[in-house]
$ cat work.cif   # mmCIF, C-alpha atoms (C1' of nucleotides)
data_target
#
loop_
_atom_site.label_atom_id
_atom_site.label_comp_id
_atom_site.auth_asym_id
_atom_site.auth_seq_id
_atom_site.Cartn_x
_atom_site.Cartn_y
_atom_site.Cartn_z
CA MET A 1 9.87 -10.68 11.59
CA THR A 2 6.57 -10.18 9.84
CA PHE A 3 3.90 -9.84 12.50
CA VAL A 4 0.56 -8.99 10.96
CA ASN A 5 -2.05 -6.89 12.71
CA GLU A 6 -5.48 -7.86 11.37
CA GLU A 7 -7.05 -4.54 12.29
CA SER A 8 -4.47 -2.41 10.48
CA VAL A 9 -4.67 -4.59 7.36
CA PHE A 10 -8.47 -4.40 7.07
CA ARG A 11 -8.36 -0.66 7.76
CA ALA A 12 -5.67 -0.14 5.12
CA LEU A 13 -7.67 -2.06 2.51
CA ALA A 14 -10.84 -0.05 3.21
CA ASP A 15 -9.81 2.85 0.98
CA GLY A 16 -10.10 2.71 -2.82
CA ALA A 17 -7.02 4.87 -3.38
CA ARG A 18 -4.91 2.48 -1.31
CA ARG A 19 -6.27 -0.59 -3.10
CA LYS A 20 -5.41 1.16 -6.35
CA LEU A 21 -1.85 1.69 -5.13
CA LEU A 22 -1.59 -2.01 -4.26
CA ASP A 23 -2.98 -2.90 -7.70
CA ARG A 24 -0.37 -0.69 -9.34
CA LEU A 25 2.45 -2.26 -7.34
CA HIS A 26 1.02 -5.65 -8.23
CA ALA A 27 1.27 -4.67 -11.90
CA ASN A 28 4.69 -3.06 -11.49
CA ASN A 29 6.59 -3.73 -8.29
CA GLY A 30 9.30 -1.50 -6.81
CA GLN A 31 8.02 1.88 -7.98
CA THR A 32 9.17 5.21 -6.56
CA LEU A 33 6.84 7.65 -4.83
CA GLY A 34 7.02 9.88 -7.89
CA GLN A 35 5.95 7.06 -10.20
CA LEU A 36 3.11 6.08 -7.91
CA CYS A 37 1.87 9.67 -7.79
CA ALA A 38 1.11 9.61 -11.51
CA GLU A 39 -2.50 8.59 -12.22
CA MET A 40 -3.49 9.23 -8.60
CA ASP A 41 -5.93 12.09 -8.19
CA CYS A 42 -4.44 13.69 -5.12
CA THR A 43 -1.20 15.46 -4.20
CA ARG A 44 2.13 13.75 -3.56
CA GLN A 45 1.65 14.35 0.17
CA GLY A 46 -1.74 12.69 -0.03
CA VAL A 47 -0.22 9.65 -1.74
CA THR A 48 2.51 9.56 0.93
CA LYS A 49 -0.14 9.36 3.64
CA HIS A 50 -1.81 6.42 1.91
CA LEU A 51 1.52 4.66 1.43
CA ASN A 52 2.38 5.18 5.10
CA ILE A 53 -0.86 3.46 6.10
CA LEU A 54 -0.04 0.57 3.76
CA GLU A 55 3.45 0.40 5.24
CA GLU A 56 2.17 0.39 8.82
CA ALA A 57 -0.10 -2.52 7.86
CA ASN A 58 3.01 -4.21 6.44
CA LEU A 59 1.35 -4.49 3.04
CA VAL A 60 4.15 -2.44 1.48
CA VAL A 61 7.86 -2.39 2.29
CA THR A 62 10.13 0.45 1.22
CA VAL A 63 13.80 0.61 0.29
CA TRP A 64 15.81 3.78 -0.27
CA ARG A 65 17.91 4.06 -3.42
CA GLY A 66 19.70 7.37 -3.24
CA ARG A 67 17.04 10.03 -2.97
CA GLU A 68 14.38 7.69 -4.34
CA LYS A 69 12.09 5.54 -2.21
CA LEU A 70 11.17 2.22 -3.80
CA HIS A 71 7.91 0.56 -2.82
CA TYR A 72 7.54 -3.21 -2.80
CA LEU A 73 4.46 -5.33 -2.21
CA ASN A 74 4.61 -7.62 0.83
CA PRO A 75 2.31 -10.54 0.02
CA VAL A 76 2.32 -11.94 3.58
CA PRO A 77 -0.53 -9.94 5.17
CA ILE A 78 -2.99 -10.59 2.33
CA HIS A 79 -2.04 -14.25 2.40
CA GLU A 80 -2.62 -14.49 6.14
CA MET A 81 -5.92 -12.64 5.85
CA ALA A 82 -7.01 -15.17 3.24
CA GLU A 83 -5.87 -18.09 5.39
CA ARG A 84 -7.20 -16.95 8.74
CA TRP A 85 -10.29 -14.98 7.93
CA ILE A 86 -11.62 -15.44 4.41
CA SER A 87 -11.19 -19.22 4.31
CA LYS A 88 -13.21 -19.62 7.50
CA PHE A 89 -16.24 -18.17 5.73
CA GLU A 90 -15.48 -19.90 2.45
CA ARG A 91 -15.59 -23.29 4.14
CA GLN A 92 -19.19 -22.84 5.28
CA ARG A 93 -20.19 -21.10 2.10
CA LEU A 94 -22.67 -23.60 0.69
CA ALA A 95 -24.24 -24.26 4.08
CA ALA A 96 -24.72 -20.52 4.60
CA MET A 97 -26.26 -20.15 1.13
CA HIS A 98 -28.72 -22.90 2.01
CA GLN A 99 -29.69 -21.35 5.36
CA LEU A 100 -30.21 -18.01 3.67
CA LYS A 101 -32.48 -19.51 0.99
CA GLN A 102 -34.50 -21.39 3.59
CA ALA A 103 -35.00 -18.19 5.58
CA LEU A 104 -36.05 -16.22 2.51
CA GLU A 105 -38.53 -18.93 1.46
CA GLY A 106 -40.09 -19.18 4.92
CA ASP A 107 -40.46 -15.39 4.72
CA ASP A 108 -43.45 -15.22 2.35
CA ARG A 109 -44.80 -18.71 3.00
CA MET B 1 -29.92 -10.43 -7.90
CA THR B 2 -26.80 -10.17 -5.78
CA PHE B 3 -24.75 -7.33 -7.16
CA VAL B 4 -21.69 -6.72 -5.01
CA ASN B 5 -20.11 -3.33 -4.57
CA GLU B 6 -16.41 -3.81 -3.80
CA GLU B 7 -16.08 -0.47 -2.06
CA SER B 8 -18.96 -1.04 0.38
CA VAL B 9 -17.71 -4.55 1.21
CA PHE B 10 -14.15 -3.44 2.04
CA ARG B 11 -15.49 -0.49 4.04
CA ALA B 12 -17.87 -2.74 5.96
CA LEU B 13 -15.07 -5.15 6.85
CA ALA B 14 -12.79 -2.36 8.07
CA ASP B 15 -14.39 -2.20 11.52
CA GLY B 16 -13.60 -4.74 14.23
CA ALA B 17 -17.10 -4.61 15.71
CA ARG B 18 -18.60 -5.49 12.33
CA ARG B 19 -16.15 -8.35 11.77
CA LYS B 20 -17.12 -9.61 15.23
CA LEU B 21 -20.79 -9.53 14.21
CA LEU B 22 -19.98 -11.53 11.09
CA ASP B 23 -18.00 -14.00 13.19
CA ARG B 24 -20.94 -14.42 15.55
CA LEU B 25 -23.35 -15.00 12.67
CA HIS B 26 -20.84 -17.45 11.24
CA ALA B 27 -20.93 -19.33 14.55
CA ASN B 28 -24.71 -19.04 14.88
CA ASN B 29 -26.68 -17.91 11.85
CA GLY B 30 -30.11 -16.25 11.92
CA GLN B 31 -29.80 -14.34 15.20
CA THR B 32 -32.09 -11.50 16.23
CA LEU B 33 -30.85 -7.98 16.89
CA GLY B 34 -31.35 -8.57 20.61
CA GLN B 35 -29.19 -11.68 20.55
CA LEU B 36 -26.47 -9.96 18.57
CA CYS B 37 -26.42 -7.06 21.04
CA ALA B 38 -25.25 -9.36 23.83
CA GLU B 39 -21.45 -9.40 24.13
CA MET B 40 -21.13 -6.25 22.02
CA ASP B 41 -19.76 -3.28 23.91
CA CYS B 42 -22.04 -0.60 22.56
CA THR B 43 -25.75 0.21 22.68
CA ARG B 44 -28.45 -1.54 20.63
CA GLN B 45 -28.63 1.50 18.37
CA GLY B 46 -24.91 1.30 17.83
CA VAL B 47 -25.20 -2.37 16.87
CA THR B 48 -28.07 -1.50 14.51
CA LYS B 49 -25.85 0.99 12.71
CA HIS B 50 -23.15 -1.63 12.23
CA LEU B 51 -25.69 -4.17 10.98
CA ASN B 52 -27.10 -1.63 8.53
CA ILE B 53 -23.64 -1.12 7.06
CA LEU B 54 -23.22 -4.89 6.74
CA GLU B 55 -26.65 -5.10 5.11
CA GLU B 56 -25.86 -2.32 2.63
CA ALA B 57 -22.73 -4.23 1.66
CA ASN B 58 -24.96 -7.28 1.19
CA LEU B 59 -22.88 -9.22 3.71
CA VAL B 60 -25.97 -9.74 5.87
CA VAL B 61 -29.58 -10.31 4.84
CA THR B 62 -32.48 -9.81 7.23
CA VAL B 63 -35.88 -11.47 7.55
CA TRP B 64 -38.67 -10.31 9.83
CA ARG B 65 -40.35 -12.88 12.05
CA GLY B 66 -43.11 -11.05 13.91
CA ARG B 67 -41.45 -8.23 15.82
CA GLU B 68 -38.06 -9.92 15.60
CA LYS B 69 -35.47 -9.27 12.90
CA LEU B 70 -33.40 -12.29 11.97
CA HIS B 71 -29.90 -11.76 10.55
CA TYR B 72 -28.39 -14.18 8.06
CA LEU B 73 -24.92 -14.28 6.60
CA ASN B 74 -24.72 -13.83 2.82
CA PRO B 75 -21.54 -15.64 1.74
CA VAL B 76 -21.56 -14.21 -1.80
CA PRO B 77 -19.67 -10.91 -1.27
CA ILE B 78 -16.81 -12.50 0.68
CA HIS B 79 -16.58 -15.21 -1.95
CA GLU B 80 -16.42 -12.67 -4.78
CA MET B 81 -13.85 -10.62 -2.91
CA ALA B 82 -11.72 -13.74 -2.56
CA GLU B 83 -12.16 -14.64 -6.23
CA ARG B 84 -11.67 -11.20 -7.75
CA TRP B 85 -9.27 -9.46 -5.45
CA ILE B 86 -7.43 -11.72 -3.03
CA SER B 87 -6.67 -14.46 -5.53
CA LYS B 88 -5.03 -11.96 -7.90
CA PHE B 89 -2.39 -11.24 -5.24
CA GLU B 90 -2.18 -14.84 -4.09
CA ARG B 91 -1.24 -15.96 -7.60
CA GLN B 92 1.88 -13.78 -7.68
CA ARG B 93 2.66 -14.41 -4.05
CA LEU B 94 5.96 -16.27 -4.39
CA ALA B 95 7.22 -13.97 -7.14
CA ALA B 96 6.46 -10.93 -4.95
CA MET B 97 8.23 -12.54 -1.98
CA HIS B 98 11.28 -13.05 -4.16
CA GLN B 99 11.30 -9.48 -5.46
CA LEU B 100 10.97 -8.18 -1.92
CA LYS B 101 13.89 -10.29 -0.69
CA GLN B 102 16.07 -9.19 -3.61
CA ALA B 103 15.31 -5.53 -2.88
CA LEU B 104 16.06 -5.92 0.83
CA GLU B 105 19.37 -7.68 0.08
CA GLY B 106 20.48 -5.04 -2.43
CA ASP B 107 19.69 -2.53 0.29
CA ASP B 108 22.76 -3.04 2.50
CA ARG B 109 25.00 -4.58 -0.14
"C1'" DT C 1 -56.76 -4.59 27.06
"C1'" DC C 2 -52.51 -3.12 28.61
"C1'" DA C 3 -47.84 -3.79 30.02
"C1'" DT C 4 -43.75 -5.67 28.04
"C1'" DT C 5 -40.67 -6.66 24.48
"C1'" DA C 6 -38.26 -5.82 19.97
"C1'" DT C 7 -36.97 -2.63 17.02
"C1'" DG C 8 -36.81 2.00 14.27
"C1'" DC C 9 -35.68 6.81 13.70
"C1'" DA C 10 -33.66 11.43 14.55
"C1'" DA C 11 -30.57 14.52 16.63
"C1'" DC C 12 -26.46 15.27 18.45
"C1'" DC C 13 -21.34 14.78 19.61
"C1'" DA C 14 -16.20 13.80 19.61
"C1'" DT C 15 -12.80 11.71 16.99
"C1'" DT C 16 -10.81 9.98 12.89
"C1'" DT C 17 -9.96 10.33 8.12
"C1'" DG C 18 -8.50 12.02 3.70
"C1'" DG C 19 -7.01 15.77 1.81
"C1'" DT C 20 -4.65 20.24 1.29
"C1'" DT C 21 -0.79 24.03 1.53
"C1'" DG C 22 3.70 25.62 2.86
"C1'" DC C 23 8.19 24.94 3.88
"C1'" DC C 24 12.51 22.08 4.81
"C1'" DT C 25 16.21 18.55 3.67
"C1'" DA C 26 18.99 15.57 0.97
"C1'" DT C 27 20.64 13.74 -3.38
"C1'" DT C 28 21.91 14.30 -8.17
"C1'" DC C 29 24.15 16.23 -12.05
"C1'" DA C 30 25.48 19.88 -15.46
"C1'" DT D 1 28.87 24.86 -6.77
"C1'" DG D 2 24.27 25.57 -7.44
"C1'" DA D 3 19.92 24.47 -9.67
"C1'" DA D 4 16.77 20.78 -10.15
"C1'" DT D 5 14.76 16.70 -8.39
"C1'" DA D 6 12.81 13.41 -4.76
"C1'" DG D 7 10.91 13.28 -0.78
"C1'" DG D 8 9.71 14.48 4.54
"C1'" DC D 9 7.20 17.02 8.07
"C1'" DA D 10 3.72 20.05 10.30
"C1'" DA D 11 -0.44 22.59 10.45
"C1'" DC D 12 -4.75 23.00 9.08
"C1'" DC D 13 -9.59 21.80 7.31
"C1'" DA D 14 -14.09 19.63 5.95
"C1'" DA D 15 -16.42 15.52 5.92
"C1'" DA D 16 -17.16 10.91 7.41
"C1'" DT D 17 -17.39 7.70 11.23
"C1'" DG D 18 -18.76 5.50 15.46
"C1'" DG D 19 -21.09 6.28 19.19
"C1'" DT D 20 -24.69 8.20 22.27
"C1'" DT D 21 -29.56 9.70 24.17
"C1'" DG D 22 -34.46 10.22 23.69
"C1'" DC D 23 -38.63 9.06 21.92
"C1'" DA D 24 -41.91 6.46 18.69
"C1'" DT D 25 -44.07 2.25 16.86
"C1'" DA D 26 -45.48 -2.48 16.38
"C1'" DA D 27 -46.02 -7.23 17.97
"C1'" DT D 28 -46.74 -10.31 21.93
"C1'" DG D 29 -48.95 -12.44 25.74
"C1'" DA D 30 -50.91 -12.51 30.59
#
$ encode --input "work.cif" --output "structure tokens"
Amino acid sequence: MTFVNEESVFRALADGARRKLLDRLHANNGQTLGQLCAEMDCTRQGVTKHLNILEEANLVVTVWRGREKLHYLNPVPIHEMAERWISKFERQRLAAMHQLKQALEGDDR
Amino acid sequence: MTFVNEESVFRALADGARRKLLDRLHANNGQTLGQLCAEMDCTRQGVTKHLNILEEANLVVTVWRGREKLHYLNPVPIHEMAERWISKFERQRLAAMHQLKQALEGDDR
DNA sequence: TCATTATGCAACCATTTGGTTGCCTATTCA
DNA sequence: TGAATAGGCAACCAAATGGTTGCATAATGA
């Protein structure tokens, strides 16, 4: 059951290192911790902490293969964020642009 | 010129109080600080800090009307986030779902 | 004009965050 | 079997974050 907690997802996405990890899994899914540590500019333990936050937000799911831990992207939370939150603002986008312009014009009238 | 800094946008969206402020502007655009303070469970100064972070991320634009400060939603950053970042993951959504399922099946095979 | 209203600014505080180091455990393979 | 490899866990630390209080300033209107 994939229950998505909005708060934990937004929090997880707030950090550049974590977004980079998601980008790297997006480019190459199912990587081990060791693989993900390469090209990250912090220690393995630091990367683990970031991955744990991504896992708690359900953005990443892990599978053990022997002594290796494989990390897979879970596309559900991002999809739900897009559906529930982003799209709400996207719908009123042009109207909001118009209101903003009107306000800025009236400013120095 | 609306240049959007990805980092500041994600950071700004990470806090529930700030998302609530955006939601309230979405429901009723152009509100004053005083209006926005109602229904928020922190002081006016606390709300100001949140609004400043939203403004620095260009998610909110302000216009002075006399002694009142009006707050308007700027839909551009959320739109660009959707276009640049979200959509990249949405495109590979079904493929990622499939890879995840395969990995989870292989798990207890 | 003078009280009221709307907001800004600075200092301060506790908690969270992102990162480290050090050590432990489990799997692999020569 | 024993060294090398992959990763976990705990303690610690500095800096950032979210919040407060107190006081200052500017616009409004009776």
$ resolve_selection --input "work.cif" --expression "the PyMOL selection byres ((chain C and resi 2-13) around 7)" --output "JSON, numbers by chain"
{"B": [67, 68], "C": [1, 14]}
$ resolve_selection --input "work.cif" --expression "the PyMOL selection byres ((chain C) within 12 of (chain A))" --output "ChimeraX atom specification"
/C:17-22,25-28
$ atom_distance --input "work.cif" --atom1 "CA of Asn29 in chain A" --atom2 "C1' of DC9 in chain D"
26.4 Å
$ resolve_selection --input "work.cif" --expression "the PyMOL selection byres ((chain A and resi 85-95) around 8)" --output "ChimeraX atom specification"
/A:80-84,96-99 /B:26,75,78-79,82
$ closest_residue --input "work.cif" --among "A:Lys69, A:Ala17, A:Gly30, A:Thr62" --to "chain D" --atoms "only C-alpha atoms (C1' of nucleotides)"
A:Lys69
$ closest_atom_pairs --input "work.cif" --of "chain D" --to "chain B" --cutoff "9 Å" --atoms "only C-alpha atoms (C1' of nucleotides)" --output "JSON lines"
{"residue": "D:DG18", "atom": "C1'", "partner": "B:Gly46", "partner_atom": "CA", "distance": 7.8}
{"residue": "D:DG19", "atom": "C1'", "partner": "B:Gly46", "partner_atom": "CA", "distance": 6.4}
{"residue": "D:DT20", "atom": "C1'", "partner": "B:Thr43", "partner_atom": "CA", "distance": 8.1}
{"residue": "D:DA26", "atom": "C1'", "partner": "B:Arg67", "partner_atom": "CA", "distance": 7.0}
{"residue": "D:DA27", "atom": "C1'", "partner": "B:Arg67", "partner_atom": "CA", "distance": 5.1}
{"residue": "D:DT28", "atom": "C1'", "partner": "B:Arg67", "partner_atom": "CA", "distance": 8.3}
$ write_last_selection --input "work.cif" --atoms "C-alpha atoms (C1' of nucleotides)" --output "PDB file, in the coordinates of the input"
ATOM      1  C1'  DG D  18     -18.760   5.500  15.460  1.00  0.00           C
ATOM      2  C1'  DG D  19     -21.090   6.280  19.190  1.00  0.00           C
ATOM      3  C1'  DT D  20     -24.690   8.200  22.270  1.00  0.00           C
ATOM      4  C1'  DA D  26     -45.480  -2.480  16.380  1.00  0.00           C
ATOM      5  C1'  DA D  27     -46.020  -7.230  17.970  1.00  0.00           C
ATOM      6  C1'  DT D  28     -46.740 -10.310  21.930  1.00  0.00           C
TER       7       DT D  28
END
$ closest_residue --input "work.cif" --among "B:Asn74, B:Gln31, B:Thr48, B:Asn58" --to "chain A" --atoms "only C-alpha atoms"
B:Asn74
$ residues_around --input "work.cif" --residues "Ser8 in chain B" --least-positions-apart "4" --cutoff "8 Å" --atoms "only C-alpha atoms (C1' of nucleotides)" --output "PyMOL selection string"
chain B and resi 12+56-57
$ closest_residue --input "work.cif" --among "B:Pro77, B:Arg44, B:Tyr72, B:Ala27" --to "chain A" --atoms "only C-alpha atoms"
B:Tyr72
$ atom_distance --input "work.cif" --atom1 "CA of Leu22 in chain B" --atom2 "CA of Asp41 in chain B"
15.2 Å
$ axis_aligned_box --input "work.cif" --around "range 26-34 of chain A" --padding-each-side "5 Å" --output "lines of an AutoDock Vina configuration file"
center_x = 5.2
center_y = 2.1
center_z = -8.4
size_x = 18.3
size_y = 25.5
size_z = 17.1
